[in-house]
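Peer 1: input.txt is reproduced below (compact mmCIF, C-alpha atoms).
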```
# COMPACT_ATOMS: atom_id res chain seq x y z
CA MET G 2 2.73 -16.82 18.25
CA GLU G 3 2.39 -18.87 15.10
CA GLN G 4 5.35 -20.75 13.69
CA LEU G 5 7.39 -19.05 11.01
CA ILE G 6 7.58 -20.94 7.74
CA THR G 7 11.23 -21.71 7.14
CA SER G 8 11.30 -24.47 4.55
CA PRO G 9 9.71 -25.34 1.20
CA ALA G 10 7.73 -28.07 2.96
CA ASP G 11 6.29 -25.52 5.35
CA ALA G 12 5.60 -23.22 2.42
CA ALA G 13 3.51 -25.89 0.76
CA GLU G 14 1.48 -26.24 3.94
CA HIS G 15 0.78 -22.52 4.37
CA LYS G 16 -0.34 -19.97 1.81
CA THR G 17 1.49 -17.25 3.72
CA PHE G 18 4.81 -17.38 5.51
CA LEU G 19 3.03 -16.72 8.78
CA ALA G 20 -0.13 -18.57 9.67
CA LYS G 21 -1.10 -15.81 12.08
CA LYS G 22 -3.40 -12.98 11.09
CA PRO G 23 -3.12 -10.18 12.03
CA LEU G 24 0.66 -10.00 11.88
CA ILE G 25 2.10 -7.17 13.98
CA ILE G 26 5.68 -6.09 13.29
CA SER G 27 7.33 -3.39 15.38
CA GLY G 28 10.68 -1.99 16.38
CA PRO G 29 12.73 1.15 15.96
CA CYS G 30 13.17 2.92 12.66
CA SER G 31 16.92 2.53 13.23
CA ALA G 32 19.07 0.39 15.46
CA GLU G 33 21.10 3.10 17.17
CA THR G 34 22.86 1.38 20.07
CA GLU G 35 22.71 -2.11 21.52
CA GLU G 36 21.04 -0.80 24.67
CA GLN G 37 18.39 1.15 22.74
CA LEU G 38 17.53 -1.80 20.51
CA ILE G 39 17.44 -4.42 23.27
CA GLU G 40 15.28 -2.29 25.56
CA THR G 41 12.87 -1.39 22.77
CA CYS G 42 12.50 -5.02 21.73
CA THR G 43 12.10 -6.41 25.24
CA ARG G 44 9.46 -3.80 26.08
CA LEU G 45 7.64 -4.60 22.85
CA ALA G 46 7.71 -8.31 23.67
CA ALA G 47 6.38 -7.54 27.16
CA THR G 48 3.21 -6.07 25.64
CA GLY G 49 2.33 -9.50 24.25
CA LYS G 50 0.99 -7.82 21.11
CA VAL G 51 3.97 -7.98 18.74
CA ASP G 52 4.73 -10.98 16.53
CA MET G 53 7.97 -9.87 14.90
CA LEU G 54 10.74 -7.38 15.64
CA ARG G 55 12.06 -4.93 13.07
CA ALA G 56 15.02 -2.56 13.06
CA GLY G 57 16.65 -0.44 10.40
CA ILE G 58 20.23 -1.62 9.98
CA TRP G 59 21.02 0.07 6.68
CA LYS G 60 19.11 3.30 6.07
CA PRO G 61 18.80 4.74 2.55
CA ARG G 62 18.70 8.52 2.98
CA THR G 63 17.89 11.29 0.53
CA LYS G 64 21.07 13.25 1.17
CA PRO G 65 24.59 12.23 2.25
CA GLY G 66 25.63 13.12 5.74
CA LEU G 67 22.38 12.00 7.38
CA PHE G 68 22.38 8.97 9.67
CA GLU G 69 22.47 5.95 7.36
CA GLY G 70 22.29 3.22 9.98
CA VAL G 71 24.90 1.47 12.07
CA GLY G 72 25.36 -1.20 9.43
CA THR G 73 26.25 -4.82 9.95
CA LYS G 74 27.44 -4.28 13.52
CA GLY G 75 23.77 -3.87 14.51
CA LEU G 76 22.84 -7.38 13.40
CA PRO G 77 24.27 -9.09 16.51
CA TRP G 78 22.15 -6.73 18.61
CA LEU G 79 19.03 -7.82 16.75
CA GLN G 80 20.09 -11.45 17.06
CA LYS G 81 20.40 -10.96 20.81
CA ALA G 82 16.94 -9.37 20.95
CA LYS G 83 15.58 -12.43 19.16
CA GLN G 84 17.22 -14.74 21.70
CA LEU G 85 15.92 -12.72 24.66
CA THR G 86 12.33 -12.38 23.43
CA GLY G 87 11.82 -15.49 21.33
CA LEU G 88 10.39 -13.31 18.57
CA PRO G 89 11.50 -13.58 14.92
CA THR G 90 13.22 -10.62 13.29
CA THR G 91 13.07 -8.70 10.02
CA VAL G 92 15.31 -6.10 8.36
CA GLU G 93 15.42 -4.16 5.12
CA VAL G 94 17.96 -5.27 2.50
CA ALA G 95 19.01 -3.42 -0.63
CA THR G 96 22.13 -5.26 -1.84
CA PRO G 97 23.38 -8.84 -2.08
CA LYS G 98 25.82 -8.12 0.78
CA HIS G 99 22.91 -7.03 2.97
CA VAL G 100 21.19 -10.35 2.25
CA GLU G 101 24.35 -12.31 3.04
CA ASP G 102 24.96 -10.49 6.33
CA ALA G 103 21.33 -10.63 7.46
CA LEU G 104 21.09 -14.37 6.91
CA ALA G 105 24.45 -14.92 8.63
CA PHE G 106 22.92 -13.41 11.79
CA GLU G 107 19.74 -15.49 11.53
CA VAL G 108 17.32 -12.75 10.46
CA ASP G 109 14.05 -14.59 9.80
CA VAL G 110 12.33 -12.33 7.27
CA LEU G 111 13.73 -9.72 4.89
CA TRP G 112 12.03 -6.79 3.26
CA ILE G 113 12.85 -4.77 0.17
CA GLY G 114 12.36 -1.05 0.73
CA ALA G 115 10.50 1.48 -1.40
CA ARG G 116 13.69 3.06 -2.75
CA THR G 117 14.90 -0.36 -3.89
CA THR G 118 11.62 -1.56 -5.38
CA VAL G 119 11.70 1.40 -7.74
CA ASN G 120 14.92 0.09 -9.36
CA PRO G 121 14.59 -3.22 -11.28
CA PHE G 122 18.38 -3.66 -11.35
CA SER G 123 18.54 -3.52 -7.55
CA VAL G 124 15.56 -5.84 -7.14
CA GLN G 125 17.13 -8.35 -9.51
CA ALA G 126 20.43 -8.23 -7.61
CA VAL G 127 18.61 -8.97 -4.34
CA ALA G 128 16.56 -11.70 -6.03
CA ASP G 129 19.72 -13.36 -7.34
CA ALA G 130 21.23 -13.26 -3.85
CA LEU G 131 18.13 -15.03 -2.52
CA ARG G 132 18.38 -18.00 -4.89
CA ASN G 133 18.60 -21.33 -3.08
CA THR G 134 17.37 -19.78 0.18
CA ASP G 135 14.00 -20.25 1.84
CA VAL G 136 13.79 -16.90 3.62
CA PRO G 137 10.42 -15.10 3.35
CA VAL G 138 10.53 -11.62 1.80
CA PHE G 139 8.25 -8.61 2.04
CA ILE G 140 8.23 -6.06 -0.79
CA LYS G 141 7.32 -2.46 -0.06
CA ASN G 142 5.57 -0.48 -2.75
CA PRO G 143 7.86 1.72 -4.87
CA VAL G 144 8.28 5.35 -3.84
CA HIS G 145 6.17 6.65 -6.71
CA PRO G 146 2.78 5.20 -7.70
CA ASP G 147 3.79 2.66 -10.33
CA LEU G 148 1.86 -0.58 -9.87
CA GLU G 149 3.85 -2.42 -12.54
CA LEU G 150 7.13 -1.80 -10.68
CA TRP G 151 5.59 -3.37 -7.59
CA MET G 152 4.34 -6.33 -9.62
CA GLY G 153 7.69 -6.59 -11.36
CA ALA G 154 9.48 -6.94 -8.04
CA VAL G 155 7.13 -9.74 -7.04
CA GLU G 156 7.75 -11.52 -10.33
CA ARG G 157 11.54 -11.17 -10.06
CA LEU G 158 11.58 -12.74 -6.60
CA ALA G 159 9.19 -15.49 -7.66
CA LYS G 160 11.36 -16.36 -10.66
CA ALA G 161 14.38 -16.52 -8.35
CA GLY G 162 12.60 -19.23 -6.37
CA VAL G 163 11.42 -17.19 -3.38
CA LYS G 164 8.37 -19.11 -2.25
CA ASN G 165 7.06 -16.86 0.50
CA ILE G 166 6.45 -13.28 -0.61
CA GLY G 167 4.40 -10.58 1.07
CA LEU G 168 3.63 -6.94 0.37
CA ILE G 169 3.95 -3.81 2.49
CA HIS G 170 1.90 -0.72 1.71
CA ARG G 171 3.85 2.33 2.93
CA GLY G 172 2.26 5.03 0.78
CA PHE G 173 3.54 6.96 -2.24
CA ALA G 174 5.45 10.19 -2.67
CA SER G 175 3.38 13.07 -3.99
CA TYR G 176 4.44 16.56 -4.96
CA GLY G 177 3.61 19.41 -2.61
CA ASN G 178 2.52 19.47 1.00
CA THR G 179 -0.22 17.04 2.01
CA GLU G 180 -1.57 15.69 5.25
CA PHE G 181 0.54 12.56 4.70
CA ARG G 182 4.26 11.99 4.47
CA ASN G 183 3.42 9.45 1.76
CA ALA G 184 -0.09 9.50 0.31
CA PRO G 185 -1.84 6.14 0.88
CA MET G 186 -3.49 6.01 -2.57
CA TRP G 187 -5.56 3.07 -1.35
CA HIS G 188 -6.69 2.08 -4.84
CA LEU G 189 -3.17 0.82 -5.62
CA PRO G 190 -2.80 -1.72 -2.78
CA ILE G 191 -6.42 -2.71 -3.38
CA GLU G 192 -5.52 -3.50 -6.99
CA MET G 193 -2.53 -5.54 -5.79
CA LYS G 194 -4.88 -7.50 -3.51
CA ARG G 195 -7.14 -8.12 -6.50
CA ARG G 196 -4.26 -9.35 -8.64
CA LEU G 197 -2.62 -11.39 -5.88
CA PRO G 198 -5.48 -12.49 -3.59
CA ASP G 199 -3.44 -15.15 -1.79
CA MET G 200 -0.44 -12.92 -1.10
CA PRO G 201 -0.41 -11.30 2.37
CA ILE G 202 -0.27 -7.53 2.50
CA ILE G 203 0.39 -5.44 5.59
CA CYS G 204 0.23 -1.69 6.10
CA ASP G 205 3.00 0.63 7.34
CA PRO G 206 1.10 3.58 8.90
CA SER G 207 4.35 5.07 10.24
CA HIS G 208 5.68 5.93 6.79
CA ILE G 209 2.28 6.89 5.43
CA CYS G 210 1.65 9.40 8.23
CA GLY G 211 5.09 10.67 9.12
CA ASN G 212 3.59 11.61 12.50
CA ARG G 213 2.07 9.90 15.52
CA THR G 214 -1.36 11.48 15.43
CA GLY G 215 -2.58 9.75 12.27
CA LEU G 216 -1.33 6.23 12.99
CA ALA G 217 -4.52 4.81 14.47
CA GLY G 218 -6.72 6.13 11.67
CA ILE G 219 -4.54 4.71 8.90
CA ALA G 220 -4.14 1.41 10.75
CA GLN G 221 -7.91 1.09 11.18
CA LYS G 222 -8.58 1.85 7.52
CA SER G 223 -6.13 -0.82 6.41
CA ILE G 224 -7.84 -3.30 8.73
CA ASP G 225 -11.23 -2.36 7.30
CA LEU G 226 -9.79 -3.09 3.85
CA ASP G 227 -8.82 -6.59 5.03
CA PHE G 228 -5.05 -6.07 5.23
CA ASP G 229 -3.22 -8.89 6.98
CA GLY G 230 -1.33 -6.86 9.55
CA LEU G 231 0.68 -3.78 10.46
CA MET G 232 4.27 -2.59 10.63
CA LEU G 233 4.61 0.21 13.17
CA GLU G 234 7.78 1.88 14.38
CA SER G 235 8.51 1.99 18.10
CA HIS G 236 11.31 3.56 20.15
CA ILE G 237 11.98 3.88 23.86
CA ASP G 238 12.55 7.64 23.46
CA PRO G 239 10.82 8.67 20.20
CA ASP G 240 11.52 12.39 20.46
CA ASN G 241 15.25 11.73 20.50
CA ALA G 242 15.36 9.01 17.85
CA TRP G 243 18.17 9.36 15.33
CA SER G 244 15.76 8.99 12.39
CA ASP G 245 12.03 9.52 11.81
CA ALA G 246 11.43 10.71 15.37
CA LYS G 247 8.00 12.19 14.65
CA GLN G 248 6.41 8.91 13.53
CA GLN G 249 7.62 6.58 16.30
CA VAL G 250 5.81 5.70 19.53
CA THR G 251 6.89 4.02 22.75
CA PRO G 252 6.16 0.29 23.12
CA GLU G 253 3.52 1.05 25.71
CA ARG G 254 1.78 3.60 23.49
CA LEU G 255 1.89 1.05 20.67
CA ALA G 256 0.04 -1.42 22.85
CA GLU G 257 -2.63 1.20 23.58
CA LEU G 258 -2.97 1.97 19.88
CA LEU G 259 -3.39 -1.71 19.01
CA ASP G 260 -5.97 -2.16 21.78
CA GLY G 261 -8.04 0.62 20.24
CA LEU G 262 -8.29 -1.03 16.82
CA ILE G 263 -11.27 -3.07 15.68
CA TRP G 264 -10.23 -6.18 13.79
CA ARG G 265 -12.90 -7.20 11.33
CA HIS G 266 -13.51 -10.36 9.35
CA GLU G 267 -13.64 -10.72 5.58
CA THR G 268 -16.75 -12.86 5.76
CA THR G 269 -18.99 -14.81 8.12
CA ASP G 270 -21.11 -17.95 8.01
CA GLN G 271 -24.12 -16.26 9.64
CA GLN G 272 -26.96 -16.90 7.23
CA GLU G 273 -28.90 -13.71 8.01
CA PHE G 274 -25.86 -11.57 7.23
CA ILE G 275 -25.18 -13.48 4.01
CA THR G 276 -28.79 -13.15 2.85
CA VAL G 277 -28.95 -9.39 3.50
CA LEU G 278 -25.54 -8.82 1.90
CA THR G 279 -26.56 -10.79 -1.19
CA LYS G 280 -29.65 -8.62 -1.64
CA LEU G 281 -27.67 -5.41 -1.22
CA ARG G 282 -25.05 -6.59 -3.70
CA GLU G 283 -27.74 -7.39 -6.22
CA GLN G 284 -28.99 -3.83 -5.84
CA ILE G 285 -25.45 -2.63 -6.57
CA ASN G 286 -25.33 -4.83 -9.68
CA GLN G 287 -28.61 -3.42 -10.95
CA LEU G 288 -27.55 0.16 -10.29
CA ASP G 289 -24.21 -0.45 -12.03
CA ASP G 290 -26.07 -1.80 -15.06
CA GLU G 291 -28.23 1.31 -15.15
CA ILE G 292 -25.21 3.61 -14.81
CA LEU G 293 -23.39 1.83 -17.65
CA HIS G 294 -26.51 2.01 -19.83
CA LEU G 295 -26.80 5.75 -19.19
CA LEU G 296 -23.10 6.28 -19.89
CA GLY G 297 -23.51 4.47 -23.20
CA ARG G 298 -26.37 6.79 -24.11
CA ARG G 299 -24.31 9.81 -23.02
CA MET G 300 -21.43 8.80 -25.29
CA GLN G 301 -23.81 8.41 -28.20
CA VAL G 302 -24.99 11.99 -27.64
CA ALA G 303 -21.33 13.07 -27.48
CA GLU G 304 -20.72 11.43 -30.87
CA ASN G 305 -23.75 13.25 -32.28
CA ILE G 306 -22.29 16.52 -30.97
CA GLY G 307 -18.98 15.57 -32.62
CA THR G 308 -20.74 15.09 -35.94
CA TYR G 309 -22.48 18.45 -35.62
CA LYS G 310 -19.20 20.20 -34.74
CA LYS G 311 -17.49 18.59 -37.70
CA GLU G 312 -20.17 19.77 -40.11
CA ASN G 313 -19.75 23.32 -38.80
CA ASP G 314 -15.93 23.31 -38.42
CA ILE G 315 -16.08 23.77 -34.64
CA THR G 316 -13.30 22.59 -32.31
CA ILE G 317 -13.89 19.61 -30.05
CA LEU G 318 -12.86 21.29 -26.79
CA GLN G 319 -15.20 24.01 -25.57
CA THR G 320 -13.63 25.33 -22.36
CA ASN G 321 -16.61 27.39 -21.22
CA ARG G 322 -18.94 24.45 -21.66
CA TRP G 323 -16.56 22.17 -19.76
CA ASN G 324 -16.40 24.59 -16.81
CA GLU G 325 -20.18 24.78 -16.85
CA ILE G 326 -20.45 20.98 -16.67
CA LEU G 327 -18.00 20.82 -13.76
CA GLU G 328 -19.71 23.57 -11.77
CA ARG G 329 -23.09 22.01 -12.30
CA GLY G 330 -21.78 18.53 -11.45
CA VAL G 331 -20.10 19.63 -8.24
CA GLN G 332 -23.20 21.50 -7.11
CA LYS G 333 -25.51 18.61 -7.90
CA GLY G 334 -23.12 16.07 -6.39
CA ASN G 335 -22.96 18.06 -3.17
CA GLN G 336 -26.75 17.93 -2.91
CA LEU G 337 -26.55 14.14 -3.27
CA GLY G 338 -23.83 13.72 -0.67
CA LEU G 339 -21.02 13.11 -3.17
CA THR G 340 -17.62 14.65 -2.54
CA LYS G 341 -16.14 17.26 -4.86
CA ASP G 342 -13.04 15.11 -5.36
CA PHE G 343 -15.12 12.17 -6.57
CA ILE G 344 -17.22 14.32 -8.91
CA LEU G 345 -14.14 15.90 -10.49
CA LYS G 346 -12.50 12.51 -11.05
CA TYR G 347 -15.72 11.09 -12.50
CA PHE G 348 -16.26 13.96 -14.91
CA ASP G 349 -12.59 13.94 -15.92
CA ALA G 350 -12.94 10.32 -16.99
CA VAL G 351 -16.26 10.93 -18.75
CA HIS G 352 -14.93 14.05 -20.48
CA LEU G 353 -11.84 12.23 -21.75
CA GLU G 354 -13.96 9.44 -23.23
CA SER G 355 -16.29 12.02 -24.82
CA ILE G 356 -13.32 13.82 -26.41
CA ASN G 357 -11.94 10.53 -27.71
CA ARG G 358 -15.34 9.68 -29.25
CA GLN G 359 -15.64 13.11 -30.87
CA ASN G 360 -12.06 12.94 -32.11
CA ARG G 361 -12.82 9.66 -33.89
CA VAL G 362 -15.88 11.27 -35.47
CA MET G 363 -13.84 14.31 -36.56
CA ASN G 364 -11.13 12.20 -38.19
CA ARG G 365 -13.19 9.30 -39.47
CA GLU G 366 -12.64 10.15 -43.12
CA ASN G 367 -8.91 10.69 -42.57
CA LEU G 368 -8.23 7.23 -41.16
```
Since I need it in another form, could you write the structure as structure tokens?
Peer 2:
Amino acid sequence: MEQLITSPADAAEHKTFLAKKPLIISGPCSAETEEQLIETCTRLAATGKVDMLRAGIWKPRTKPGLFEGVGTKGLPWLQKAKQLTGLPTTVEVATPKHVEDALAFEVDVLWIGARTTVNPFSVQAVADALRNTDVPVFIKNPVHPDLELWMGAVERLAKAGVKNIGLIHRGFASYGNTEFRNAPMWHLPIEMKRRLPDMPIICDPSHICGNRTGLAGIAQKSIDLDFDGLMLESHIDPDNAWSDAKQQVTPERLAELLDGLIWRHETTDQQEFITVLTKLREQINQLDDEILHLLGRRMQVAENIGTYKKENDITILQTNRWNEILERGVQKGNQLGLTKDFILKYFDAVHLESINRQNRVMNRENL
């Protein structure tokens, strides 16, 4: 187990608050009783595959009357688990009092939950409570897919002097029934990785899936996307857990799941691989250039159509023609091995740009 960074001097030495990659965090969704928490944590430690223990102490719930956590009285239990296993601990905080209590019981790492990240006032209150401390903090993505809220939370903590910040991807709420409890929307954490390349990001498959069956697949995909670790919920008796029973696994099943994952590397120094990859990437660059050139020509044709429509007092949007384009595109894309979802997204973007071009042509004299 790598040493936890606990001081500004350590922070200067390490780019992340844990030198270890991958970082595996596990523990129950909720601390229910001292016995349940201690047994879960000791069995997790016995697997030799967990680097940090988690437990829900305060649980934000959608409706009142549901189990909202045992509260501060659970912190001594987690502290005891830390002493017994030698593993650092992490809990979710949503208020300044949570921060104060967690630090009083020697919690090593804090995280800000999705329901808190969505509220700048709450994030700022937590950030203010963290001033003059050196505790590392993870930030979960906000409940709904708003990248700027996620970035804003990072900036608020950074301005408060928090030196060690990490991200947790736990998926995003989406309307209607889907295969996920929270849709992963991978393009959003990928964009955060692009913006903050030195900031660690781990994945929370438990909250993305909402069930046990999909955990391994989501975990593997995050690994393939070069995430820095995983947060997975574990319970000694998952079916009878007081919260999120369907997405928790026993410590022993967690170990099996982790053994089945393939941990990949971002790069390698093998010259043959580098040479082949460079050639393939150059092919991608050339193809991208060709695609952009063709799109430019397509937009010029769209402007010509706009001019012709204007001269004949014809509306920009032609619904029948648009349906024809989509049907033809989906059919052709299927023949080329492209998914319907991708084709529809592509043509939506192209169509919007075409409409914007034609709209400028239509209103050129009125500007």
Peer 1: Using all atoms listed in the file, pick whichever of G:Met363, G:Arg182, G:His294, G:Val138 has the shortest atom-to-atom distance to Asp314 (chain G).
Peer 2: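 Result for the nearest residue to Asp314 (chain G): G:Met363.
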Peer 1: If you measure from CA of Thr90 (chain G) to CA of Ala246 (chain G), what distance in Å do you get, rounded to one decimal?
Peer 2: 21.5 Å
Peer 1: Could you tell me which of G:Val144, G:Leu353, G:Ile191, G:Ala32 comes closest to Ile209 (chain G) if we count all atoms listed in the file?
Peer 2: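 Checking each candidate against Ile209 (chain G), we get G:Val144 as the closest.
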Peer 1: Residues near region 261-274 of chain G, anyone? I mean within 8 Å using only C-alpha atoms, not counting same-chain ones fewer than 4 positions away, as a ChimeraX atom specification.
Peer 2: /G:217,220-221,224-225,227,257,278
Peer 1: In Å, with one decimal, what is the gap from CA of Lys22 (chain G) to CA of Glu101 (chain G)?
Peer 2: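 Spanning CA of Lys22 (chain G) to CA of Glu101 (chain G) is a straight-line distance of 28.9 Å.
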Peer 1: May I ask which of the residues G:Pro23, G:Gly70, G:Gly172, G:Pro239 is the closest one to Ala115 (chain G), counting all atoms listed in the file?
Peer 2: G:Gly172
Peer 1: Which residue, G:Gly87, G:Gly49, G:Pro185, G:Pro65, has the smallest gap to Leu255 (chain G) when you use only C-alpha atoms?
Peer 2: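 Residue with the minimum atom-to-atom distance to Leu255 (chain G): G:Gly49.
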Peer 1: As a PyMOL selection string, please: the residues near Phe348 (chain G) (cut-off 12 Å, only C-alpha atoms, same-chain neighbours under 5 positions excluded).
Peer 2: chain G and resi 296+323-331+334+341-343+353-356
Peer 1: Write a file of the selected residues as an mmCIF file, keeping the file's coordinate frame, keeping C-alpha atoms.
Peer 2:
```cif
data_model
loop_
_atom_site.group_PDB
_atom_site.id
_atom_site.type_symbol
_atom_site.label_atom_id
_atom_site.label_comp_id
_atom_site.auth_asym_id
_atom_site.auth_seq_id
_atom_site.Cartn_x
_atom_site.Cartn_y
_atom_site.Cartn_z
ATOM 1 C CA LEU G 296 -23.100 6.280 -19.890
ATOM 2 C CA TRP G 323 -16.560 22.170 -19.760
ATOM 3 C CA ASN G 324 -16.400 24.590 -16.810
ATOM 4 C CA GLU G 325 -20.180 24.780 -16.850
ATOM 5 C CA ILE G 326 -20.450 20.980 -16.670
ATOM 6 C CA LEU G 327 -18.000 20.820 -13.760
ATOM 7 C CA GLU G 328 -19.710 23.570 -11.770
ATOM 8 C CA ARG G 329 -23.090 22.010 -12.300
ATOM 9 C CA GLY G 330 -21.780 18.530 -11.450
ATOM 10 C CA VAL G 331 -20.100 19.630 -8.240
ATOM 11 C CA GLY G 334 -23.120 16.070 -6.390
ATOM 12 C CA LYS G 341 -16.140 17.260 -4.860
ATOM 13 C CA ASP G 342 -13.040 15.110 -5.360
ATOM 14 C CA PHE G 343 -15.120 12.170 -6.570
ATOM 15 C CA LEU G 353 -11.840 12.230 -21.750
ATOM 16 C CA GLU G 354 -13.960 9.440 -23.230
ATOM 17 C CA SER G 355 -16.290 12.020 -24.820
ATOM 18 C CA ILE G 356 -13.320 13.820 -26.410
#
```
Peer 1: Report, in Å to a single decimal, how far apart CA of Ala350 (chain G) and CA of Val119 (chain G) are.
Peer 2: 27.8 Å
Peer 1: Please provide as a PDB file with C-alpha atoms, keeping the file's coordinate frame all residues within 8 Å of Pro97 (chain G), with the sequence filter that same-chain residues fewer than 5 positions apart are discarded (counting all atoms listed in the file).
Peer 2:
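Writing done, so here's around_25.pdb:
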```pdb
ATOM      1  CA  ALA G 126      20.430  -8.230  -7.610  1.00  0.00           C
ATOM      2  CA  VAL G 127      18.610  -8.970  -4.340  1.00  0.00           C
ATOM      3  CA  ASP G 129      19.720 -13.360  -7.340  1.00  0.00           C
ATOM      4  CA  ALA G 130      21.230 -13.260  -3.850  1.00  0.00           C
TER       5      ALA G 130
END
```
Peer 1: Give me the box for region 157-165 of chain G as JSON, namely the centre and edge lengths in Å to one decimal of a box along x, y and z that holds every listed atom plus 5 Å on each side.
Peer 2:
```
{"center_x": 10.7, "center_y": -15.2, "center_z": -5.1, "size_x": 17.3, "size_y": 18.1, "size_z": 21.2}
```
Peer 1: With all atoms listed in the file as the counted atoms, please give the residues lying no more than 7 Å from region 154-164 of chain G, apart from itself and same-chain residues fewer than 3 positions off, as a ChimeraX atom specification.
Peer 2: /G:12,118,124-125,128-129,132,135,150-151
Peer 1: Rank nothing, just name the residue among G:Pro137, G:Gly28, G:Pro146, G:Pro190 nearest to Leu54 (chain G), using only C-alpha atoms.
Peer 2: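 Going through G:Pro137, G:Gly28, G:Pro146, G:Pro190 one by one, the smallest distance to Leu54 (chain G) is for G:Gly28.
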Peer 1: Quick one: residues within 6 Å of region 38-46 of chain G, all atoms listed in the file counted, chain neighbours fewer than 6 positions away excluded, as an MDAnalysis selection string?
Peer 2: chainID G and resid 32 82 236:237 252
Peer 1: Taking a cut-off of 9 Å and counting only C-alpha atoms, can you build a table that, for each residue of region 48-82 of chain G near region 102-106 of chain G, reports the nearest atom pair and how far apart they are in Å (one decimal), sorted by chain then residue number, as JSON lines?
Peer 2:
```
{"residue": "G:Thr73", "atom": "CA", "partner": "G:Asp102", "partner_atom": "CA", "distance": 6.8}
{"residue": "G:Leu76", "atom": "CA", "partner": "G:Phe106", "partner_atom": "CA", "distance": 6.2}
{"residue": "G:Pro77", "atom": "CA", "partner": "G:Phe106", "partner_atom": "CA", "distance": 6.5}
{"residue": "G:Leu79", "atom": "CA", "partner": "G:Phe106", "partner_atom": "CA", "distance": 8.4}
{"residue": "G:Gln80", "atom": "CA", "partner": "G:Phe106", "partner_atom": "CA", "distance": 6.3}
```
Peer 1: I'd like to know which of G:Leu131, G:Met186, G:Leu295, G:Leu226 is closest to Arg171 (chain G), using all atoms listed in the file.
Peer 2: G:Met186
Peer 1: Using only C-alpha atoms, what residues lie at most 8 Å away from (-16.9, 18.3, -32.5) (file coordinates), given as a list in words?
Peer 2: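 Collected hits near the coordinates: Ile306, Gly307, Thr308, Tyr309, Lys310, Lys311, Asp314, Ile315, Thr316, Ile317, Leu318, Gln359, Asn360, Val362 and Met363 of chain G.
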